[in-house]
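Colleague: Okay, handing you the structure first.
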Amino acid sequence: MLSRLALVVLLLGTFGCSSATYIRATVTDNPLDRVAQQARDNWSVERVDANTLILTDAWPIHSTLSLGYSASHANLSYDAPASVLNIQYYFQSNQLFMLFIPFTLDAEPGLAGGALKPIMSGQLNDIMRWSGASVVSRRAGDKSDPFPPKGAASSPQAN
């Protein structure tokens with residue numbers, strides 16, 4: 001019985017739970033300094049280089065209730081020649097009852113993580129407002145999709 005329960009938990013933890021939201025947006029200039037400045041009150045901010053920014057926002061209440069660690073992650077990449085901002089956003093949680101196998105959720109509408117989606121959408125809206133970007137495309141994809149996308153300036157992503 002215990003082995004069956006462990007198998008179910010393992011399957012739930014790995015089936016369809018590795019998604020992220022990908023946004024491609026146009027900008028007039030490099031917005032990463034503005035985003036970093038605005039985000040620093042609520043997010044952990046890591047400036048990788050002039051065109052790359054990593055934001056992490058821990059969710060302490062969710063972490064405590066799920067007996068693990070949960071956080072939102074936003075990876076921003078500015079493509080200067082195309083004046084494009086690429087964003088990869090996802091919520092990641094490592095929970096005791098999932099044997100600490102990490103799972104990620106995208107911010108797109110759907111049943112999985114339904115109660116978290118409005119908060120996640122709010123975080124994305126903040127990032128978009130701070131950057132002054134206009135969305136060209138937005139999609140859910142696997143967290144392991146290449147980021148920033150290769151050849152993004154010449155080939156638009158599907159909505």
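Residue numbering restarts at 1 in every chain; chains get A, B, ... in the order shown in the structure tokens, and ligands count up from 1 in that same order.
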I'd like the contact shell of Gln37 (chain A) - 12 Å cut-off, only C-alpha atoms, skipping same-chain residues fewer than 6 positions apart - returned as a list in words.
Modeller: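 Within the cut-off, the hits are Pro31, Trp43, Ser44, Val45, Glu46, Arg47, Leu53, Leu55, Ile127, Trp130 and Ser131 of chain A.
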Colleague: Counting only C-alpha atoms, which of A:Arg129, A:Arg139, A:Arg40, A:Arg34 gets nearest to Ala107 (chain A)?
Modeller: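 Going through A:Arg129, A:Arg139, A:Arg40, A:Arg34 one by one, the smallest distance to Ala107 (chain A) is for A:Arg139.
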Colleague: Between A:Asp106, A:Ala133, A:Pro146, A:Leu124, single out the one closest to Ser18 (chain A), counting only C-alpha atoms.
Modeller: A:Asp106
Colleague: Which residue out of A:Asn86, A:Ser137, A:Thr26, A:Ser72 has the minimum interatomic distance to Leu105 (chain A) when only C-alpha atoms are used?
Modeller: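 Using only C-alpha atoms, Leu105 (chain A) sits closest to A:Ser72.
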Colleague: When distances are computed from only C-alpha atoms, which of A:Ile87, A:Cys17, A:Val48, A:Thr56 shows the smallest separation from Met128 (chain A)?
Modeller: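 The answer is A:Ile87, which sits nearest to Met128 (chain A).
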Colleague: From the set A:Gln123, A:Ala71, A:Tyr89, A:Ala39, which residue has the shortest atom-to-atom contact distance to Ser144 (chain A), counting only C-alpha atoms?
Modeller: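 For Ser144 (chain A), the nearest of the candidates is A:Tyr89.
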Colleague: What does the distance between CA of Val135 (chain A) and CA of Ile54 (chain A) come to in Å, to one decimal place?
Modeller: 19.3 Å
Colleague: Per DSSP on the backbone, what are the strand (DSSP E) residues of region 19-150 of chain A, as a PDB file with N, CA and C atoms, in the first residue's frame?
Modeller:
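Full text of result.pdb as output:
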```pdb
ATOM      1  N   SER A  19       5.834  23.618 -16.080  1.00  0.00           N
ATOM      2  CA  SER A  19       5.496  24.618 -17.092  1.00  0.00           C
ATOM      3  C   SER A  19       5.884  26.019 -16.642  1.00  0.00           C
ATOM      4  N   ALA A  20       6.010  26.893 -17.632  1.00  0.00           N
ATOM      5  CA  ALA A  20       6.361  28.292 -17.399  1.00  0.00           C
ATOM      6  C   ALA A  20       5.606  29.140 -18.411  1.00  0.00           C
ATOM      7  N   THR A  21       5.455  30.403 -18.085  1.00  0.00           N
ATOM      8  CA  THR A  21       4.873  31.371 -19.010  1.00  0.00           C
ATOM      9  C   THR A  21       6.010  32.080 -19.732  1.00  0.00           C
ATOM     10  N   TYR A  22       5.878  32.195 -21.045  1.00  0.00           N
ATOM     11  CA  TYR A  22       6.869  32.885 -21.860  1.00  0.00           C
ATOM     12  C   TYR A  22       6.207  34.089 -22.512  1.00  0.00           C
ATOM     13  N   ILE A  23       6.805  35.248 -22.314  1.00  0.00           N
ATOM     14  CA  ILE A  23       6.289  36.492 -22.890  1.00  0.00           C
ATOM     15  C   ILE A  23       7.384  37.109 -23.745  1.00  0.00           C
ATOM     16  N   ARG A  24       6.973  37.554 -24.907  1.00  0.00           N
ATOM     17  CA  ARG A  24       7.836  38.327 -25.803  1.00  0.00           C
ATOM     18  C   ARG A  24       7.161  39.678 -25.933  1.00  0.00           C
ATOM     19  N   ALA A  25       7.896  40.753 -25.639  1.00  0.00           N
ATOM     20  CA  ALA A  25       7.302  42.091 -25.633  1.00  0.00           C
ATOM     21  C   ALA A  25       8.261  43.099 -26.253  1.00  0.00           C
ATOM     22  N   THR A  26       7.695  44.122 -26.853  1.00  0.00           N
ATOM     23  CA  THR A  26       8.524  45.187 -27.408  1.00  0.00           C
ATOM     24  C   THR A  26       8.730  46.273 -26.354  1.00  0.00           C
ATOM     25  N   SER A  44      13.898  39.202  -4.697  1.00  0.00           N
ATOM     26  CA  SER A  44      15.347  39.088  -4.688  1.00  0.00           C
ATOM     27  C   SER A  44      15.783  39.368  -6.127  1.00  0.00           C
ATOM     28  N   VAL A  45      16.720  40.287  -6.304  1.00  0.00           N
ATOM     29  CA  VAL A  45      17.110  40.739  -7.634  1.00  0.00           C
ATOM     30  C   VAL A  45      18.561  40.348  -7.890  1.00  0.00           C
ATOM     31  N   GLU A  46      18.793  39.655  -9.015  1.00  0.00           N
ATOM     32  CA  GLU A  46      20.159  39.298  -9.411  1.00  0.00           C
ATOM     33  C   GLU A  46      20.387  39.817 -10.829  1.00  0.00           C
ATOM     34  N   ARG A  47      21.313  40.727 -10.969  1.00  0.00           N
ATOM     35  CA  ARG A  47      21.649  41.281 -12.280  1.00  0.00           C
ATOM     36  C   ARG A  47      22.796  40.449 -12.834  1.00  0.00           C
ATOM     37  N   VAL A  48      22.518  39.621 -13.823  1.00  0.00           N
ATOM     38  CA  VAL A  48      23.528  38.736 -14.387  1.00  0.00           C
ATOM     39  C   VAL A  48      24.480  39.515 -15.278  1.00  0.00           C
ATOM     40  N   ASP A  49      23.924  40.329 -16.169  1.00  0.00           N
ATOM     41  CA  ASP A  49      24.707  41.210 -17.028  1.00  0.00           C
ATOM     42  C   ASP A  49      23.785  42.350 -17.462  1.00  0.00           C
ATOM     43  N   THR A  52      20.418  40.861 -18.774  1.00  0.00           N
ATOM     44  CA  THR A  52      19.791  39.717 -18.108  1.00  0.00           C
ATOM     45  C   THR A  52      19.527  40.032 -16.640  1.00  0.00           C
ATOM     46  N   LEU A  53      18.310  39.746 -16.219  1.00  0.00           N
ATOM     47  CA  LEU A  53      17.888  40.000 -14.841  1.00  0.00           C
ATOM     48  C   LEU A  53      17.119  38.783 -14.341  1.00  0.00           C
ATOM     49  N   ILE A  54      17.391  38.366 -13.101  1.00  0.00           N
ATOM     50  CA  ILE A  54      16.689  37.244 -12.477  1.00  0.00           C
ATOM     51  C   ILE A  54      16.009  37.762 -11.213  1.00  0.00           C
ATOM     52  N   LEU A  55      14.688  37.545 -11.129  1.00  0.00           N
ATOM     53  CA  LEU A  55      13.903  37.945  -9.969  1.00  0.00           C
ATOM     54  C   LEU A  55      13.356  36.702  -9.284  1.00  0.00           C
ATOM     55  N   THR A  56      13.392  36.687  -7.957  1.00  0.00           N
ATOM     56  CA  THR A  56      12.829  35.590  -7.172  1.00  0.00           C
ATOM     57  C   THR A  56      12.028  36.185  -6.022  1.00  0.00           C
ATOM     58  N   ASP A  57      10.801  35.697  -5.860  1.00  0.00           N
ATOM     59  CA  ASP A  57       9.935  36.170  -4.779  1.00  0.00           C
ATOM     60  C   ASP A  57       9.456  34.965  -3.975  1.00  0.00           C
ATOM     61  N   ALA A  58       9.967  34.820  -2.747  1.00  0.00           N
ATOM     62  CA  ALA A  58       9.573  33.711  -1.879  1.00  0.00           C
ATOM     63  C   ALA A  58       8.133  33.892  -1.403  1.00  0.00           C
ATOM     64  N   GLY A  68       7.374  23.100   2.870  1.00  0.00           N
ATOM     65  CA  GLY A  68       8.447  23.107   1.883  1.00  0.00           C
ATOM     66  C   GLY A  68       8.888  24.512   1.580  1.00  0.00           C
ATOM     67  N   TYR A  69       9.245  24.743   0.329  1.00  0.00           N
ATOM     68  CA  TYR A  69       9.676  26.063  -0.124  1.00  0.00           C
ATOM     69  C   TYR A  69       8.984  26.381  -1.438  1.00  0.00           C
ATOM     70  N   SER A  70       8.416  27.575  -1.538  1.00  0.00           N
ATOM     71  CA  SER A  70       7.726  28.013  -2.751  1.00  0.00           C
ATOM     72  C   SER A  70       8.171  29.422  -3.098  1.00  0.00           C
ATOM     73  N   ALA A  71       8.317  29.678  -4.406  1.00  0.00           N
ATOM     74  CA  ALA A  71       8.735  31.007  -4.865  1.00  0.00           C
ATOM     75  C   ALA A  71       8.338  31.208  -6.315  1.00  0.00           C
ATOM     76  N   SER A  72       8.166  32.481  -6.675  1.00  0.00           N
ATOM     77  CA  SER A  72       7.981  32.870  -8.067  1.00  0.00           C
ATOM     78  C   SER A  72       9.348  33.224  -8.633  1.00  0.00           C
ATOM     79  N   HIS A  73       9.528  32.913  -9.908  1.00  0.00           N
ATOM     80  CA  HIS A  73      10.782  33.221 -10.589  1.00  0.00           C
ATOM     81  C   HIS A  73      10.461  33.930 -11.897  1.00  0.00           C
ATOM     82  N   ALA A  74      11.148  35.015 -12.166  1.00  0.00           N
ATOM     83  CA  ALA A  74      11.013  35.725 -13.428  1.00  0.00           C
ATOM     84  C   ALA A  74      12.414  35.962 -13.983  1.00  0.00           C
ATOM     85  N   ASN A  75      12.649  35.414 -15.153  1.00  0.00           N
ATOM     86  CA  ASN A  75      13.923  35.597 -15.837  1.00  0.00           C
ATOM     87  C   ASN A  75      13.670  36.535 -17.007  1.00  0.00           C
ATOM     88  N   LEU A  76      14.375  37.658 -17.031  1.00  0.00           N
ATOM     89  CA  LEU A  76      14.180  38.656 -18.066  1.00  0.00           C
ATOM     90  C   LEU A  76      15.440  38.783 -18.908  1.00  0.00           C
ATOM     91  N   SER A  77      15.244  38.830 -20.219  1.00  0.00           N
ATOM     92  CA  SER A  77      16.356  38.953 -21.142  1.00  0.00           C
ATOM     93  C   SER A  77      16.007  40.021 -22.174  1.00  0.00           C
ATOM     94  N   TYR A  78      16.855  41.027 -22.279  1.00  0.00           N
ATOM     95  CA  TYR A  78      16.639  42.117 -23.227  1.00  0.00           C
ATOM     96  C   TYR A  78      17.454  41.862 -24.483  1.00  0.00           C
ATOM     97  N   ASP A  79      16.787  41.892 -25.654  1.00  0.00           N
ATOM     98  CA  ASP A  79      17.424  41.726 -26.952  1.00  0.00           C
ATOM     99  C   ASP A  79      17.522  43.118 -27.575  1.00  0.00           C
ATOM    100  N   VAL A  84      13.427  43.996 -27.874  1.00  0.00           N
ATOM    101  CA  VAL A  84      12.486  43.003 -27.362  1.00  0.00           C
ATOM    102  C   VAL A  84      12.893  42.583 -25.957  1.00  0.00           C
ATOM    103  N   LEU A  85      11.899  42.448 -25.099  1.00  0.00           N
ATOM    104  CA  LEU A  85      12.094  41.899 -23.762  1.00  0.00           C
ATOM    105  C   LEU A  85      11.470  40.516 -23.738  1.00  0.00           C
ATOM    106  N   ASN A  86      12.271  39.503 -23.409  1.00  0.00           N
ATOM    107  CA  ASN A  86      11.780  38.134 -23.253  1.00  0.00           C
ATOM    108  C   ASN A  86      11.677  37.834 -21.765  1.00  0.00           C
ATOM    109  N   ILE A  87      10.558  37.244 -21.370  1.00  0.00           N
ATOM    110  CA  ILE A  87      10.330  36.923 -19.964  1.00  0.00           C
ATOM    111  C   ILE A  87       9.943  35.458 -19.839  1.00  0.00           C
ATOM    112  N   GLN A  88      10.594  34.767 -18.926  1.00  0.00           N
ATOM    113  CA  GLN A  88      10.194  33.418 -18.512  1.00  0.00           C
ATOM    114  C   GLN A  88       9.751  33.551 -17.058  1.00  0.00           C
ATOM    115  N   TYR A  89       8.503  33.158 -16.782  1.00  0.00           N
ATOM    116  CA  TYR A  89       7.953  33.301 -15.434  1.00  0.00           C
ATOM    117  C   TYR A  89       7.344  31.966 -15.009  1.00  0.00           C
ATOM    118  N   TYR A  90       7.614  31.576 -13.750  1.00  0.00           N
ATOM    119  CA  TYR A  90       7.006  30.359 -13.217  1.00  0.00           C
ATOM    120  C   TYR A  90       7.001  30.396 -11.694  1.00  0.00           C
ATOM    121  N   PHE A  91       6.099  29.635 -11.124  1.00  0.00           N
ATOM    122  CA  PHE A  91       6.011  29.417  -9.682  1.00  0.00           C
ATOM    123  C   PHE A  91       6.595  28.038  -9.441  1.00  0.00           C
ATOM    124  N   GLN A  92       7.515  27.910  -8.489  1.00  0.00           N
ATOM    125  CA  GLN A  92       8.129  26.623  -8.177  1.00  0.00           C
ATOM    126  C   GLN A  92       7.911  26.302  -6.716  1.00  0.00           C
ATOM    127  N   SER A  93       7.565  25.039  -6.445  1.00  0.00           N
ATOM    128  CA  SER A  93       7.366  24.598  -5.071  1.00  0.00           C
ATOM    129  C   SER A  93       8.025  23.239  -4.872  1.00  0.00           C
ATOM    130  N   ASN A  94       8.690  23.105  -3.741  1.00  0.00           N
ATOM    131  CA  ASN A  94       9.275  21.831  -3.295  1.00  0.00           C
ATOM    132  C   ASN A  94       8.583  21.508  -1.983  1.00  0.00           C
ATOM    133  N   GLN A  95       7.752  20.460  -1.973  1.00  0.00           N
ATOM    134  CA  GLN A  95       6.925  20.168  -0.815  1.00  0.00           C
ATOM    135  C   GLN A  95       7.218  18.787  -0.236  1.00  0.00           C
ATOM    136  N   PHE A 103       8.108  21.116  -8.524  1.00  0.00           N
ATOM    137  CA  PHE A 103       7.185  21.252  -9.644  1.00  0.00           C
ATOM    138  C   PHE A 103       6.988  22.724  -9.909  1.00  0.00           C
ATOM    139  N   THR A 104       6.705  23.050 -11.161  1.00  0.00           N
ATOM    140  CA  THR A 104       6.516  24.440 -11.542  1.00  0.00           C
ATOM    141  C   THR A 104       5.165  24.612 -12.210  1.00  0.00           C
ATOM    142  N   LEU A 105       4.630  25.825 -12.078  1.00  0.00           N
ATOM    143  CA  LEU A 105       3.358  26.191 -12.698  1.00  0.00           C
ATOM    144  C   LEU A 105       3.548  27.459 -13.507  1.00  0.00           C
ATOM    145  N   SER A 134       5.166  46.214 -24.327  1.00  0.00           N
ATOM    146  CA  SER A 134       3.909  45.854 -24.993  1.00  0.00           C
ATOM    147  C   SER A 134       4.011  44.404 -25.455  1.00  0.00           C
ATOM    148  N   VAL A 135       3.094  43.573 -25.005  1.00  0.00           N
ATOM    149  CA  VAL A 135       3.146  42.144 -25.293  1.00  0.00           C
ATOM    150  C   VAL A 135       2.953  41.871 -26.780  1.00  0.00           C
ATOM    151  N   VAL A 136       3.868  41.084 -27.338  1.00  0.00           N
ATOM    152  CA  VAL A 136       3.768  40.607 -28.718  1.00  0.00           C
ATOM    153  C   VAL A 136       3.177  39.211 -28.710  1.00  0.00           C
ATOM    154  N   SER A 137       3.671  38.366 -27.793  1.00  0.00           N
ATOM    155  CA  SER A 137       3.148  37.009 -27.659  1.00  0.00           C
ATOM    156  C   SER A 137       3.288  36.544 -26.214  1.00  0.00           C
ATOM    157  N   ARG A 138       2.387  35.646 -25.855  1.00  0.00           N
ATOM    158  CA  ARG A 138       2.396  35.076 -24.509  1.00  0.00           C
ATOM    159  C   ARG A 138       1.919  33.644 -24.641  1.00  0.00           C
ATOM    160  N   ARG A 139       2.662  32.723 -24.014  1.00  0.00           N
ATOM    161  CA  ARG A 139       2.299  31.311 -24.120  1.00  0.00           C
ATOM    162  C   ARG A 139       2.793  30.538 -22.910  1.00  0.00           C
ATOM    163  N   ALA A 140       2.176  29.413 -22.692  1.00  0.00           N
ATOM    164  CA  ALA A 140       2.676  28.461 -21.707  1.00  0.00           C
ATOM    165  C   ALA A 140       3.601  27.504 -22.442  1.00  0.00           C
ATOM    166  N   GLY A 141       4.649  27.103 -21.779  1.00  0.00           N
ATOM    167  CA  GLY A 141       5.585  26.150 -22.363  1.00  0.00           C
ATOM    168  C   GLY A 141       6.252  25.372 -21.257  1.00  0.00           C
ATOM    169  N   ASP A 142       7.080  24.450 -21.639  1.00  0.00           N
ATOM    170  CA  ASP A 142       7.823  23.672 -20.660  1.00  0.00           C
ATOM    171  C   ASP A 142       8.911  24.552 -20.070  1.00  0.00           C
TER     172      ASP A 142
END
```
